[in-house]
$ cat coords-v8.csv   # CSV, C-alpha atoms
chain,number,residue,atom,x,y,z
A,1,MET,CA,177.1,47.3,-10.6
A,2,GLN,CA,177.4,50.8,-9.2
A,3,LEU,CA,173.7,51.1,-8.4
A,4,VAL,CA,173.9,47.9,-6.3
A,5,ALA,CA,177.1,49.1,-4.7
A,6,ILE,CA,175.7,52.5,-3.7
A,7,ASN,CA,172.6,51.0,-2.1
A,8,TRP,CA,174.7,48.4,-0.2
A,9,HIS,CA,177.2,51.0,0.8
A,10,VAL,CA,174.6,53.4,2.2
A,11,TYR,CA,172.9,50.6,4.0
A,12,LEU,CA,176.1,49.4,5.6
A,13,LEU,CA,176.9,53.0,6.7
A,14,THR,CA,173.5,53.7,8.1
A,15,ARG,CA,171.4,50.6,8.5
A,16,SER,CA,168.5,53.0,7.8
A,17,PRO,CA,165.6,52.5,5.3
A,18,PHE,CA,165.2,56.3,5.3
A,19,ALA,CA,168.8,56.7,4.2
A,20,LEU,CA,168.2,54.3,1.4
A,21,GLY,CA,165.2,56.3,0.4
A,22,MET,CA,167.3,59.4,0.3
A,23,VAL,CA,169.5,57.7,-2.4
A,24,GLY,CA,166.3,57.6,-4.6
A,25,LEU,CA,165.6,61.3,-3.9
A,26,PHE,CA,169.1,62.3,-4.9
A,27,ARG,CA,168.7,60.2,-8.1
A,28,GLY,CA,165.3,61.6,-8.9
A,29,VAL,CA,165.4,65.3,-8.2
A,30,PRO,CA,168.2,66.2,-10.6
A,31,ILE,CA,166.4,64.3,-13.3
A,32,ILE,CA,163.2,66.2,-12.8
A,33,VAL,CA,165.1,69.5,-12.5
A,34,CYS,CA,167.4,69.0,-15.5
A,35,SER,CA,165.5,66.8,-17.9
A,36,LEU,CA,163.4,69.5,-19.6
A,37,ILE,CA,166.4,71.6,-20.6
A,38,GLY,CA,168.2,68.4,-21.4
A,39,GLY,CA,165.6,67.7,-24.1
A,40,VAL,CA,165.8,71.2,-25.5
A,41,ILE,CA,169.6,70.9,-25.8
A,42,ALA,CA,169.3,67.4,-27.3
A,43,ASP,CA,167.1,68.8,-30.2
A,44,ALA,CA,169.5,71.8,-30.7
A,45,ALA,CA,173.0,70.4,-30.2
A,46,ASP,CA,174.9,67.5,-31.8
A,47,ARG,CA,173.5,64.5,-30.0
A,48,LYS,CA,176.7,62.5,-30.3
A,49,GLN,CA,178.8,65.3,-28.8
A,50,LEU,CA,176.3,65.9,-26.0
A,51,MET,CA,176.5,62.2,-25.1
A,52,ILE,CA,180.3,62.3,-25.0
A,53,GLY,CA,180.1,65.1,-22.5
A,54,THR,CA,177.5,63.4,-20.3
A,55,GLN,CA,179.4,60.2,-20.3
A,56,SER,CA,182.6,62.1,-19.3
A,57,VAL,CA,180.7,63.6,-16.3
A,58,MET,CA,179.6,60.2,-15.2
A,59,LEU,CA,183.1,58.9,-15.5
A,60,VAL,CA,184.3,61.7,-13.2
A,61,SER,CA,181.5,61.0,-10.7
A,62,ALA,CA,182.4,57.3,-10.4
A,63,GLY,CA,186.0,58.2,-10.1
A,64,LEU,CA,185.3,60.5,-7.2
A,65,LEU,CA,183.2,57.9,-5.5
A,66,THR,CA,186.2,55.6,-5.7
A,67,VAL,CA,188.5,58.1,-4.1
A,68,ALA,CA,186.0,58.9,-1.3
A,69,THR,CA,185.6,55.2,-0.5
A,70,LEU,CA,189.3,54.5,-0.5
A,71,ALA,CA,189.7,57.5,1.8
A,72,GLN,CA,187.3,55.6,4.2
A,73,ILE,CA,184.9,58.5,4.5
A,74,ARG,CA,182.2,57.3,6.8
A,75,ARG,CA,179.5,59.8,6.0
A,76,VAL,CA,176.9,59.3,3.3
A,77,TRP,CA,176.6,62.9,2.0
A,78,PRO,CA,179.5,62.5,-0.6
A,79,ILE,CA,177.6,59.5,-2.0
A,80,TYR,CA,174.4,61.5,-2.2
A,81,ILE,CA,176.1,64.4,-3.9
A,82,LEU,CA,178.0,62.3,-6.5
A,83,THR,CA,174.8,60.3,-7.1
A,84,GLY,CA,173.0,63.6,-7.8
A,85,LEU,CA,175.8,64.7,-10.2
A,86,SER,CA,175.6,61.5,-12.2
A,87,SER,CA,171.8,61.7,-12.3
A,88,ALA,CA,172.0,65.3,-13.7
A,89,ALA,CA,174.3,64.0,-16.5
A,90,VAL,CA,171.7,61.2,-17.2
A,91,ALA,CA,169.0,63.9,-17.6
A,92,PHE,CA,171.0,65.2,-20.6
A,93,ASP,CA,172.2,61.9,-21.9
A,94,ILE,CA,168.9,59.9,-22.2
A,95,PRO,CA,167.1,62.5,-24.4
A,96,ALA,CA,170.0,62.6,-26.8
A,97,ARG,CA,170.4,58.8,-26.8
A,98,GLN,CA,166.7,58.0,-27.4
A,99,ALA,CA,166.2,60.7,-29.9
A,100,LEU,CA,169.2,59.3,-31.9
A,101,MET,CA,167.9,55.8,-32.0
A,102,PRO,CA,165.0,56.2,-34.6
A,103,THR,CA,167.5,57.7,-37.0
A,104,LEU,CA,169.6,54.5,-37.0
A,105,VAL,CA,167.0,52.0,-38.2
A,106,PRO,CA,163.8,52.0,-40.4
A,107,PRO,CA,160.5,52.5,-38.6
A,108,LYS,CA,159.4,49.0,-39.3
A,109,ASP,CA,162.4,47.6,-37.5
A,110,PHE,CA,162.3,50.0,-34.6
A,111,PRO,CA,160.4,47.8,-32.2
A,112,ASN,CA,162.9,45.0,-32.8
A,113,ALA,CA,165.7,47.5,-32.3
A,114,ILE,CA,164.3,48.4,-28.9
A,115,SER,CA,163.9,44.8,-27.9
A,116,LEU,CA,167.4,43.8,-28.9
A,117,GLY,CA,168.7,47.0,-27.2
A,118,LEU,CA,167.0,45.8,-24.0
A,119,VAL,CA,168.5,42.4,-24.4
A,120,VAL,CA,172.0,43.9,-24.5
A,121,PHE,CA,171.3,46.3,-21.6
A,122,ASN,CA,169.7,43.6,-19.4
A,123,LEU,CA,172.5,41.1,-20.0
A,124,ALA,CA,174.7,43.7,-18.5
A,125,THR,CA,172.1,44.2,-15.7
A,126,ILE,CA,172.2,40.4,-15.0
A,127,LEU,CA,176.0,40.1,-15.0
A,128,GLY,CA,176.6,43.5,-13.3
A,129,PRO,CA,174.7,43.0,-10.0
A,130,SER,CA,175.8,39.4,-9.7
A,131,LEU,CA,179.5,40.4,-10.1
A,132,ALA,CA,178.8,43.4,-7.8
A,133,GLY,CA,177.4,41.1,-5.1
A,134,LEU,CA,180.6,39.0,-5.2
A,135,LEU,CA,182.9,42.0,-5.1
A,136,LEU,CA,180.9,43.7,-2.3
A,137,ALA,CA,181.2,40.5,-0.2
A,138,THR,CA,184.9,40.1,-0.8
A,139,ARG,CA,186.4,43.5,-1.7
A,140,GLY,CA,184.0,46.3,-0.9
A,141,PRO,CA,182.4,49.0,-3.0
A,142,ALA,CA,185.6,50.9,-4.0
A,143,ILE,CA,186.5,48.3,-6.7
A,144,VAL,CA,183.0,48.5,-8.1
A,145,TYR,CA,183.1,52.3,-8.4
A,146,ALA,CA,186.5,52.1,-10.1
A,147,MET,CA,185.4,49.5,-12.6
A,148,ASN,CA,182.4,51.6,-13.4
A,149,SER,CA,184.5,54.7,-13.9
A,150,MET,CA,186.8,52.9,-16.4
A,151,SER,CA,183.8,51.5,-18.3
A,152,PHE,CA,182.9,54.9,-19.6
A,153,VAL,CA,186.0,55.0,-21.6
A,154,ALA,CA,184.6,52.2,-23.8
A,155,VAL,CA,181.3,54.1,-24.1
A,156,ILE,CA,183.0,57.3,-25.2
A,157,PHE,CA,185.1,55.3,-27.8
A,158,ALA,CA,181.9,53.7,-29.2
A,159,LEU,CA,180.3,57.1,-29.6
A,160,ILE,CA,183.3,58.6,-31.4
A,161,SER,CA,183.3,55.5,-33.7
A,162,MET,CA,179.6,55.8,-34.6
A,163,ARG,CA,179.1,56.7,-38.3
A,164,THR,CA,176.1,58.9,-38.0
A,165,SER,CA,175.4,62.6,-37.6
A,166,GLY,CA,174.0,63.7,-34.3
A,167,ARG,CA,172.7,67.0,-35.4
A,168,VAL,CA,169.0,67.6,-36.3
A,169,MET,CA,167.9,70.1,-38.9
A,170,LEU,CA,164.4,71.6,-39.2
A,171,ASP,CA,162.5,71.7,-42.5
A,172,ASN,CA,164.2,75.1,-43.3
A,173,GLN,CA,167.6,73.4,-42.8
A,174,GLN,CA,168.4,75.5,-39.8
A,175,PRO,CA,169.3,74.0,-36.5
A,176,ALA,CA,166.8,74.1,-33.6
A,177,GLN,CA,167.4,76.9,-31.0
A,178,ILE,CA,167.9,76.6,-27.3
A,179,SER,CA,165.0,78.8,-26.0
A,180,PHE,CA,162.0,78.9,-23.8
A,181,ASN,CA,159.8,78.8,-26.9
A,182,ALA,CA,161.5,75.5,-27.9
A,183,LEU,CA,160.7,74.1,-24.5
A,184,MET,CA,157.0,75.2,-24.8
A,185,GLU,CA,156.8,73.7,-28.2
A,186,GLY,CA,157.7,70.3,-26.8
A,187,LEU,CA,155.3,70.6,-23.9
A,188,LYS,CA,152.4,71.6,-26.2
A,189,PHE,CA,153.1,68.7,-28.5
A,190,VAL,CA,153.0,66.2,-25.6
A,191,TRP,CA,149.9,67.8,-24.0
A,192,ARG,CA,148.0,67.7,-27.3
A,193,THR,CA,148.9,64.0,-28.0
A,194,PRO,CA,146.6,61.9,-25.7
A,195,ILE,CA,148.4,58.6,-26.3
A,196,ILE,CA,151.7,60.1,-25.1
A,197,VAL,CA,150.1,61.7,-22.0
A,198,GLN,CA,148.4,58.5,-21.0
A,199,THR,CA,151.5,56.2,-21.4
A,200,MET,CA,153.6,58.7,-19.4
A,201,THR,CA,151.0,59.0,-16.6
A,202,LEU,CA,150.6,55.2,-16.3
A,203,ASP,CA,154.4,54.7,-16.3
A,204,PHE,CA,154.8,57.3,-13.5
A,205,ALA,CA,152.1,55.8,-11.3
A,206,ALA,CA,153.2,52.2,-11.7
A,207,THR,CA,156.9,52.9,-11.0
A,208,PHE,CA,156.2,55.4,-8.2
A,209,PHE,CA,154.3,52.8,-6.2
A,210,ALA,CA,156.1,49.6,-7.1
A,211,SER,CA,159.8,50.6,-6.4
A,212,ALA,CA,160.9,47.4,-4.6
A,213,THR,CA,164.5,47.4,-5.9
A,214,LEU,CA,165.8,50.0,-3.4
A,215,LEU,CA,164.7,47.8,-0.5
A,216,LEU,CA,166.5,44.7,-1.8
A,217,PRO,CA,169.4,45.1,0.7
A,218,ILE,CA,166.9,44.8,3.5
A,219,PHE,CA,165.3,41.8,2.0
A,220,ALA,CA,168.7,40.2,1.3
A,221,GLU,CA,170.0,40.8,4.8
A,222,GLU,CA,167.0,40.7,7.2
A,223,ILE,CA,164.2,38.8,5.5
A,224,LEU,CA,165.7,36.2,3.1
A,225,HIS,CA,169.1,36.0,4.9
A,226,VAL,CA,171.2,35.7,1.8
A,227,GLY,CA,173.7,38.5,2.3
A,228,ALA,CA,175.6,40.5,-0.4
A,229,ARG,CA,175.9,37.5,-2.8
A,230,GLY,CA,172.2,37.0,-2.6
A,231,LEU,CA,171.6,40.7,-3.1
A,232,GLY,CA,173.4,40.5,-6.4
A,233,VAL,CA,171.3,37.6,-7.6
A,234,LEU,CA,168.1,39.4,-6.4
A,235,THR,CA,169.0,42.5,-8.3
A,236,ALA,CA,169.8,40.5,-11.5
A,237,ALA,CA,166.5,38.6,-11.4
A,238,PRO,CA,164.3,41.3,-13.1
A,239,ALA,CA,166.9,41.7,-15.8
A,240,LEU,CA,166.9,37.9,-16.5
A,241,GLY,CA,163.1,38.1,-16.9
A,242,SER,CA,163.6,41.1,-19.2
A,243,VAL,CA,166.2,39.4,-21.4
A,244,VAL,CA,164.0,36.3,-22.0
A,245,THR,CA,160.9,38.4,-22.7
A,246,ALA,CA,162.8,40.9,-25.0
A,247,LEU,CA,164.2,37.9,-27.1
A,248,ILE,CA,160.7,36.5,-27.5
A,249,MET,CA,159.4,39.9,-28.5
A,250,ALA,CA,162.2,40.5,-31.0
A,251,ARG,CA,161.5,37.1,-32.5
A,252,MET,CA,157.7,37.8,-32.8
A,253,GLY,CA,158.3,41.2,-34.3
A,254,SER,CA,154.8,42.7,-34.2
A,255,PHE,CA,151.8,42.6,-31.9
A,256,SER,CA,148.2,43.4,-32.0
A,257,LYS,CA,146.3,45.3,-29.4
A,258,GLN,CA,149.4,47.1,-28.2
A,259,GLY,CA,147.6,49.5,-25.9
A,260,LYS,CA,145.8,46.7,-24.0
A,261,LEU,CA,149.1,44.8,-23.7
A,262,VAL,CA,150.7,47.9,-22.1
A,263,ILE,CA,147.9,48.1,-19.5
A,264,GLY,CA,147.9,44.3,-18.9
A,265,SER,CA,151.7,44.2,-18.4
A,266,VAL,CA,151.5,47.0,-15.8
A,267,ALA,CA,148.8,45.1,-13.9
A,268,ALA,CA,151.0,42.0,-14.0
A,269,TYR,CA,153.9,44.1,-12.7
A,270,GLY,CA,151.9,45.2,-9.7
A,271,LEU,CA,150.7,41.6,-8.9
A,272,ALA,CA,154.2,40.2,-9.1
A,273,THR,CA,155.5,43.0,-6.8
A,274,ILE,CA,152.8,42.1,-4.2
A,275,ALA,CA,153.8,38.5,-4.4
A,276,PHE,CA,157.5,39.4,-3.9
A,277,GLY,CA,156.6,41.5,-0.8
A,278,VAL,CA,154.9,38.6,0.9
A,279,SER,CA,157.5,36.0,-0.1
A,280,ARG,CA,159.9,34.5,2.5
A,281,ALA,CA,161.4,31.9,0.1
A,282,PHE,CA,164.5,32.9,-1.9
A,283,TRP,CA,163.5,31.0,-5.0
A,284,PHE,CA,160.0,32.4,-5.1
A,285,SER,CA,161.3,35.9,-4.6
A,286,LEU,CA,163.6,35.4,-7.5
A,287,LEU,CA,160.7,34.2,-9.7
A,288,MET,CA,158.5,37.1,-8.8
A,289,LEU,CA,161.3,39.6,-9.5
A,290,ALA,CA,161.9,38.0,-12.8
A,291,LEU,CA,158.2,38.4,-13.6
A,292,THR,CA,158.4,42.1,-12.8
A,293,GLY,CA,161.2,42.4,-15.3
A,294,SER,CA,159.3,40.5,-17.9
A,295,ALA,CA,156.2,42.6,-17.5
A,296,ASP,CA,158.2,45.8,-17.4
A,297,THR,CA,159.9,44.9,-20.7
A,298,ILE,CA,156.6,44.3,-22.5
A,299,SER,CA,155.4,47.7,-21.3
A,300,THR,CA,158.7,49.5,-22.0
A,301,VAL,CA,159.1,48.2,-25.6
A,302,LEU,CA,155.5,49.0,-26.6
A,303,ARG,CA,155.4,52.4,-24.8
A,304,GLN,CA,158.7,53.5,-26.3
A,305,THR,CA,157.7,52.4,-29.8
A,306,ILE,CA,154.4,54.2,-29.5
A,307,ARG,CA,156.0,57.5,-28.3
A,308,GLN,CA,158.9,57.6,-30.7
A,309,LEU,CA,156.9,56.7,-33.8
A,310,VAL,CA,154.2,59.3,-33.2
A,311,THR,CA,156.8,62.1,-32.5
A,312,PRO,CA,158.6,64.0,-35.3
A,313,ASP,CA,162.4,63.7,-35.2
A,314,TYR,CA,162.9,67.4,-34.4
A,315,LEU,CA,160.8,67.0,-31.2
A,316,ARG,CA,162.0,63.6,-30.0
A,317,GLY,CA,164.6,65.0,-27.6
A,318,ARG,CA,162.1,67.2,-25.9
A,319,MET,CA,159.4,64.5,-25.8
A,320,THR,CA,161.9,62.1,-24.3
A,321,SER,CA,163.0,64.7,-21.7
A,322,ILE,CA,159.4,65.3,-20.6
A,323,ASN,CA,158.9,61.5,-20.4
A,324,MET,CA,162.0,61.3,-18.2
A,325,VAL,CA,160.2,63.2,-15.5
A,326,PHE,CA,157.7,60.3,-15.5
A,327,PHE,CA,159.7,57.1,-16.3
A,328,MET,CA,162.8,58.1,-14.2
A,329,GLY,CA,161.4,60.5,-11.8
A,330,GLY,CA,158.6,58.0,-10.9
A,331,PRO,CA,160.8,55.2,-9.7
A,332,GLN,CA,163.4,57.5,-8.1
A,333,LEU,CA,160.8,59.4,-6.1
A,334,GLY,CA,159.1,56.1,-5.5
A,335,GLU,CA,162.2,54.8,-3.9
A,336,ALA,CA,162.2,57.8,-1.5
A,337,GLU,CA,158.5,57.0,-0.7
A,338,ALA,CA,159.3,53.3,-0.3
A,339,GLY,CA,162.2,54.0,2.1
A,340,LEU,CA,160.0,56.4,4.2
A,341,VAL,CA,157.1,53.9,4.3
A,342,ALA,CA,159.5,51.0,5.1
A,343,ALA,CA,160.9,53.0,8.0
A,344,LEU,CA,157.4,53.5,9.4
A,345,ILE,CA,155.8,50.1,8.7
A,346,GLY,CA,158.5,47.7,7.5
A,347,ALA,CA,159.9,46.8,4.1
A,348,PRO,CA,157.6,43.9,3.2
A,349,LEU,CA,154.4,45.9,3.8
A,350,SER,CA,155.9,48.9,1.9
A,351,VAL,CA,156.5,46.7,-1.1
A,352,VAL,CA,153.0,45.1,-0.9
A,353,ILE,CA,151.3,48.5,-0.7
A,354,GLY,CA,153.4,49.7,-3.7
A,355,GLY,CA,152.3,46.7,-5.8
A,356,ILE,CA,148.7,47.3,-5.0
A,357,GLY,CA,149.1,51.0,-6.1
A,358,SER,CA,150.7,49.9,-9.4
A,359,PHE,CA,147.8,47.4,-10.1
A,360,LEU,CA,145.2,50.0,-9.3
A,361,ALA,CA,146.9,52.4,-11.8
A,362,ALA,CA,146.5,49.8,-14.5
A,363,VAL,CA,142.9,49.2,-13.6
A,364,PHE,CA,142.2,53.0,-13.8
A,365,SER,CA,143.9,53.2,-17.2
A,366,ALA,CA,141.8,50.3,-18.5
A,367,PHE,CA,138.7,52.3,-17.9
A,368,LYS,CA,139.8,55.9,-18.4
A,369,SER,CA,142.8,56.0,-20.9
A,370,ASN,CA,140.8,55.4,-24.1
A,371,SER,CA,143.5,56.4,-26.5
A,372,LEU,CA,146.0,54.0,-24.9
A,373,ARG,CA,143.5,51.2,-24.4
A,374,ASP,CA,142.4,51.2,-28.0
A,375,TYR,CA,145.8,51.9,-29.6
A,376,GLU,CA,146.9,49.8,-32.6
A,377,ARG,CA,150.3,50.5,-34.3
A,378,GLU,CA,148.6,50.9,-37.7
A,379,GLN,CA,147.3,54.3,-36.4
A,380,SER,CA,150.8,55.7,-36.7
A,381,ALA,CA,151.9,53.8,-39.8

$ encode --input "coords-v8.csv" --output "structure tokens"
Amino acid sequence: MQLVAINWHVYLLTRSPFALGMVGLFRGVPIIVCSLIGGVIADAADRKQLMIGTQSVMLVSAGLLTVATLAQIRRVWPIYILTGLSSAAVAFDIPARQALMPTLVPPKDFPNAISLGLVVFNLATILGPSLAGLLLATRGPAIVYAMNSMSFVAVIFALISMRTSGRVMLDNQQPAQISFNALMEGLKFVWRTPIIVQTMTLDFAATFFASATLLLPIFAEEILHVGARGLGVLTAAPALGSVVTALIMARMGSFSKQGKLVIGSVAAYGLATIAFGVSRAFWFSLLMLALTGSADTISTVLRQTIRQLVTPDYLRGRMTSINMVFFMGGPQLGEAEAGLVAALIGAPLSVVIGGIGSFLAAVFSAFKSNSLRDYEREQSA
């Protein structure tokens, strides 16, 4: 809900694609700057306690957004700064969260756990933007920011109630240390594991080029003419495609030729993005966005499974933090690129060019990323 509200709020204040692109920049840069140290801390600290702290920071950020909006501040810099603060917290939260997940279920059930987790997440992503669109059209962004702030109370309570240890011990039963050597250990592991490097690189390239979500306010208002309510539905469409696909994947359980499936799903993601960029029909735009969500889910489940299962537990926080530079830095920097290109040549052409870039990244991986292309899960079993 808050992501939709921020994009809409900035667009109403500025009517500028470039200003929308700056939102992506303020989301992306803190993640790139903070994620590596976030991974080191996630492998050294109690992961549960770290997540409680990061969720508290995001609670405060959303609360300050509420106050600034109610005070009718007409400048965008407070939104940028608070967005950056929240993104910095995310850079510490996600390594701890993803590193904790494989300790909660057996390895054979881990792909299903990811799929079901995506179902839960994307159900919220469907309901959230749709409700945000309704509230933005009737009440404005302040109520959305306030609801988001209160929601973190439930998250913190869930973490406190979780019956698992968040601390990782090395083989000598000593906790990992926060140090430069620990950071280098994680970097060396990733660099020496080709399958991880190749999935991260493909993820970055695909999401950097095909970042259409940021420009949805322009499509809703100026191209499809559906307003704030339509914006909520457009934003929810990828999540709907993701939920359906994740449920199917959870039902199927296992897959053959996982590496080829990753590459094929990224190619489909690029093609659906191109089709969305040229669409002028609301229903077809929704369909194409749903297909991007479906393709992205296939890629996400398989990539996350591959990376988590080939990484030792004591390195998972650092591996995830390095990956964050790719899977979160890519789309956020891609939003900045999309906003700049849209300001120069228009939003539709910006989206089409991005989709072409994503498709070409998949084609390149099909020919050059041998470890990914030939990957079968049995290799890590």

$ atom_distance --input "coords-v8.csv" --atom1 "CA of Lys48 in chain A" --atom2 "CA of Leu159 in chain A"
6.5 Å

$ closest_residue --input "coords-v8.csv" --among "A:Gly84, A:Gly53, A:Gly230, A:Pro106" --to "Phe152 in chain A" --atoms "only C-alpha atoms"
A:Gly53

$ closest_residue --input "coords-v8.csv" --among "A:Leu3, A:Phe18, A:Ala44, A:Arg97" --to "Ile345 in chain A" --atoms "all atoms listed in the file"
A:Phe18

$ closest_residue --input "coords-v8.csv" --among "A:Ser87, A:Ser149, A:Thr103, A:Asn7" --to "Leu309 in chain A" --atoms "all atoms listed in the file"
A:Thr103

$ closest_residue --input "coords-v8.csv" --among "A:Ser265, A:Arg280, A:Ile178, A:Phe204" --to "His225 in chain A" --atoms "only C-alpha atoms"
A:Arg280

$ closest_residue --input "coords-v8.csv" --among "A:Ser279, A:Ala347, A:Thr311, A:Gly339" --to "Thr193 in chain A" --atoms "only C-alpha atoms"
A:Thr311

$ closest_residue --input "coords-v8.csv" --among "A:Leu234, A:Ala42, A:Leu187, A:Ala205" --to "Ala281 in chain A" --atoms "only C-alpha atoms"
A:Leu234

$ residues_around --input "coords-v8.csv" --residues "Ile81 in chain A" --least-positions-apart "6" --cutoff "12 Å" --atoms "only C-alpha atoms" --output "PyMOL selection string"
chain A and resi 6+22-27+29-30+61-62+64-65+68+75+87-88

$ atom_distance --input "coords-v8.csv" --atom1 "CA of Pro331 in chain A" --atom2 "CA of Thr207 in chain A"
4.7 Å
